[in-house]
>>> print(open('upload-v4.csv').read())   # CSV, C-alpha atoms
chain,number,residue,atom,x,y,z
A,1,MET,CA,47.1,-18.6,-36.5
A,2,THR,CA,47.1,-15.2,-38.2
A,3,PRO,CA,45.5,-12.2,-36.4
A,4,ARG,CA,42.8,-12.0,-39.0
A,5,LEU,CA,41.9,-15.6,-38.6
A,6,SER,CA,42.0,-15.3,-34.9
A,7,VAL,CA,39.4,-12.5,-35.0
A,8,CYS,CA,37.2,-14.5,-37.3
A,9,VAL,CA,37.4,-17.6,-35.1
A,10,LEU,CA,36.7,-15.5,-32.0
A,11,GLY,CA,33.7,-13.7,-33.7
A,12,LEU,CA,32.3,-17.0,-34.9
A,13,ALA,CA,32.7,-18.5,-31.4
A,14,LEU,CA,30.9,-15.5,-29.9
A,15,GLY,CA,28.1,-15.8,-32.5
A,16,LEU,CA,27.6,-19.5,-32.0
A,17,THR,CA,27.6,-19.3,-28.2
A,18,SER,CA,25.4,-16.2,-28.0
A,19,GLY,CA,22.7,-17.5,-30.4
A,20,CYS,CA,23.1,-14.2,-32.4
A,21,GLN,CA,22.2,-12.1,-29.4
A,22,SER,CA,24.1,-8.9,-28.6
A,23,VAL,CA,22.8,-7.7,-25.3
A,24,ALA,CA,26.0,-6.7,-23.6
A,25,ALA,CA,27.5,-3.2,-23.8
A,26,PRO,CA,30.7,-2.9,-25.8
A,27,SER,CA,33.9,-3.3,-23.8
A,28,SER,CA,36.1,-0.3,-23.3
A,29,SER,CA,38.4,-1.5,-26.2
A,30,GLN,CA,35.4,-1.4,-28.6
A,31,ASP,CA,34.3,1.5,-30.7
A,32,ALA,CA,31.0,3.0,-29.5
A,33,SER,CA,29.6,2.2,-33.0
A,34,ALA,CA,29.5,-1.4,-32.0
A,35,MET,CA,26.2,-0.8,-30.3
A,36,GLU,CA,24.8,1.1,-33.2
A,37,ALA,CA,22.1,-0.4,-35.4
A,38,PRO,CA,23.0,-0.8,-39.1
A,39,ASN,CA,21.8,2.1,-41.2
A,40,ALA,CA,19.3,1.6,-44.1
A,41,LEU,CA,21.9,0.8,-46.7
A,42,GLU,CA,23.6,-1.8,-44.4
A,43,ARG,CA,20.2,-3.4,-43.5
A,44,GLN,CA,19.5,-3.7,-47.3
A,45,TYR,CA,22.9,-5.3,-47.9
A,46,LEU,CA,22.5,-7.7,-44.9
A,47,GLY,CA,19.0,-8.7,-46.1
A,48,GLU,CA,20.2,-9.4,-49.6
A,49,THR,CA,23.3,-11.3,-48.4
A,50,GLY,CA,21.3,-13.3,-45.8
A,51,HIS,CA,18.8,-14.2,-48.6
A,52,ALA,CA,21.7,-15.4,-50.8
A,53,VAL,CA,23.6,-17.3,-48.1
A,54,TYR,CA,20.5,-19.1,-46.8
A,55,ARG,CA,19.0,-19.6,-50.3
A,56,GLY,CA,15.7,-17.8,-49.6
A,57,ARG,CA,15.1,-19.3,-46.1
A,58,SER,CA,14.0,-17.0,-43.4
A,59,PHE,CA,16.8,-15.8,-41.1
A,60,GLN,CA,17.4,-13.6,-38.1
A,61,ARG,CA,20.2,-11.1,-37.4
A,62,THR,CA,21.6,-9.3,-34.4
A,63,ARG,CA,20.1,-5.8,-34.0
A,64,THR,CA,23.4,-4.2,-33.4
A,65,PHE,CA,27.0,-4.9,-34.4
A,66,LEU,CA,28.8,-7.6,-32.3
A,67,PHE,CA,31.9,-5.5,-32.5
A,68,GLY,CA,32.8,-2.3,-34.3
A,69,ASP,CA,36.3,-1.1,-34.8
A,70,PRO,CA,37.7,0.5,-38.0
A,71,SER,CA,40.8,-1.7,-37.8
A,72,ARG,CA,38.8,-5.0,-37.5
A,73,GLY,CA,35.5,-4.2,-39.2
A,74,TYR,CA,31.9,-4.3,-38.1
A,75,ALA,CA,30.4,-7.7,-37.4
A,76,ILE,CA,26.8,-8.9,-37.6
A,77,CYS,CA,25.6,-12.4,-36.9
A,78,LEU,CA,22.9,-14.1,-39.0
A,79,ARG,CA,21.2,-17.4,-38.3
A,80,SER,CA,18.7,-19.6,-39.9
A,81,ALA,CA,17.0,-22.7,-38.7
A,82,LYS,CA,18.3,-26.1,-40.0
A,83,ARG,CA,15.9,-28.7,-41.2
A,84,GLY,CA,17.0,-31.3,-38.6
A,85,GLY,CA,17.0,-28.8,-35.8
A,86,GLY,CA,19.4,-26.2,-34.5
A,87,PHE,CA,20.7,-23.2,-36.4
A,88,ASP,CA,23.2,-22.3,-39.2
A,89,HIS,CA,25.2,-19.2,-38.2
A,90,THR,CA,27.0,-16.8,-40.4
A,91,LEU,CA,29.3,-13.9,-39.2
A,92,LEU,CA,29.3,-11.0,-41.7
A,93,VAL,CA,32.1,-8.5,-41.3
A,94,LEU,CA,31.7,-5.2,-43.0
A,95,GLN,CA,35.1,-3.6,-43.6
A,96,ARG,CA,33.9,0.0,-43.1
A,97,ARG,CA,30.8,2.0,-42.5
>>> encode(input="upload-v4.csv", output="structure tokens")
Amino acid sequence: MTPRLSVCVLGLALGLTSGCQSVAAPSSSQDASAMEAPNALERQYLGETGHAVYRGRSFQRTRTFLFGDPSRGYAICLRSAKRGGGFDHTLLVLQRR
């Protein structure tokens, strides 16, 4: 498994198991920007992307980045309710801020 794929799988696993919640403080290996909220431009991008991914359905997102590191990117989790119950999750990774 490549390092990039490993990070994506780990991020997806964290998103799925956390229910898109980011309540823990970043670990010492994470950049302090992990706990920052997205700025106005990032919120607009996340809203437009979530609208496109979920085809207009309502969705939720984490309030802060799940992880933030210039070498790995900045991750936000989105989720939307499925018709049959449960949630669809999407991990969006912004390459830079």
>>> closest_residue(input="upload-v4.csv", among="A:Arg72, A:Ser80, A:Gly86, A:Phe67", to="Arg55 (chain A)", atoms="all atoms listed in the file")
A:Ser80
>>> atom_distance(input="upload-v4.csv", atom1="CA of Val53 (chain A)", atom2="CA of Ala40 (chain A)")
19.8 Å
>>> closest_residue(input="upload-v4.csv", among="A:Val93, A:Gly68, A:Phe87, A:Ala81", to="Thr49 (chain A)", atoms="all atoms listed in the file")
A:Val93
>>> atom_distance(input="upload-v4.csv", atom1="CA of Arg96 (chain A)", atom2="CA of Arg57 (chain A)")
27.1 Å
>>> atom_distance(input="upload-v4.csv", atom1="CA of Ala37 (chain A)", atom2="CA of Phe65 (chain A)")
6.7 Å
>>> residues_near_point(input="upload-v4.csv", point="(31.3, -4.6, -45.8)", cutoff="12 Å", atoms="all atoms listed in the file", output="number ranges by chain")
A: 38, 41-46, 49, 68, 70, 72-76, 91-97
>>> residues_around(input="upload-v4.csv", residues="His89 (chain A)", least_positions_apart="6", cutoff="7 Å", atoms="all atoms listed in the file", output="PDB file with C-alpha atoms, keeping the file's coordinate frame")
ATOM      1  CA  LEU A  16      27.600 -19.500 -32.000  1.00  0.00           C
ATOM      2  CA  CYS A  77      25.600 -12.400 -36.900  1.00  0.00           C
ATOM      3  CA  LEU A  78      22.900 -14.100 -39.000  1.00  0.00           C
ATOM      4  CA  ARG A  79      21.200 -17.400 -38.300  1.00  0.00           C
ATOM      5  CA  SER A  80      18.700 -19.600 -39.900  1.00  0.00           C
TER       6      SER A  80
END
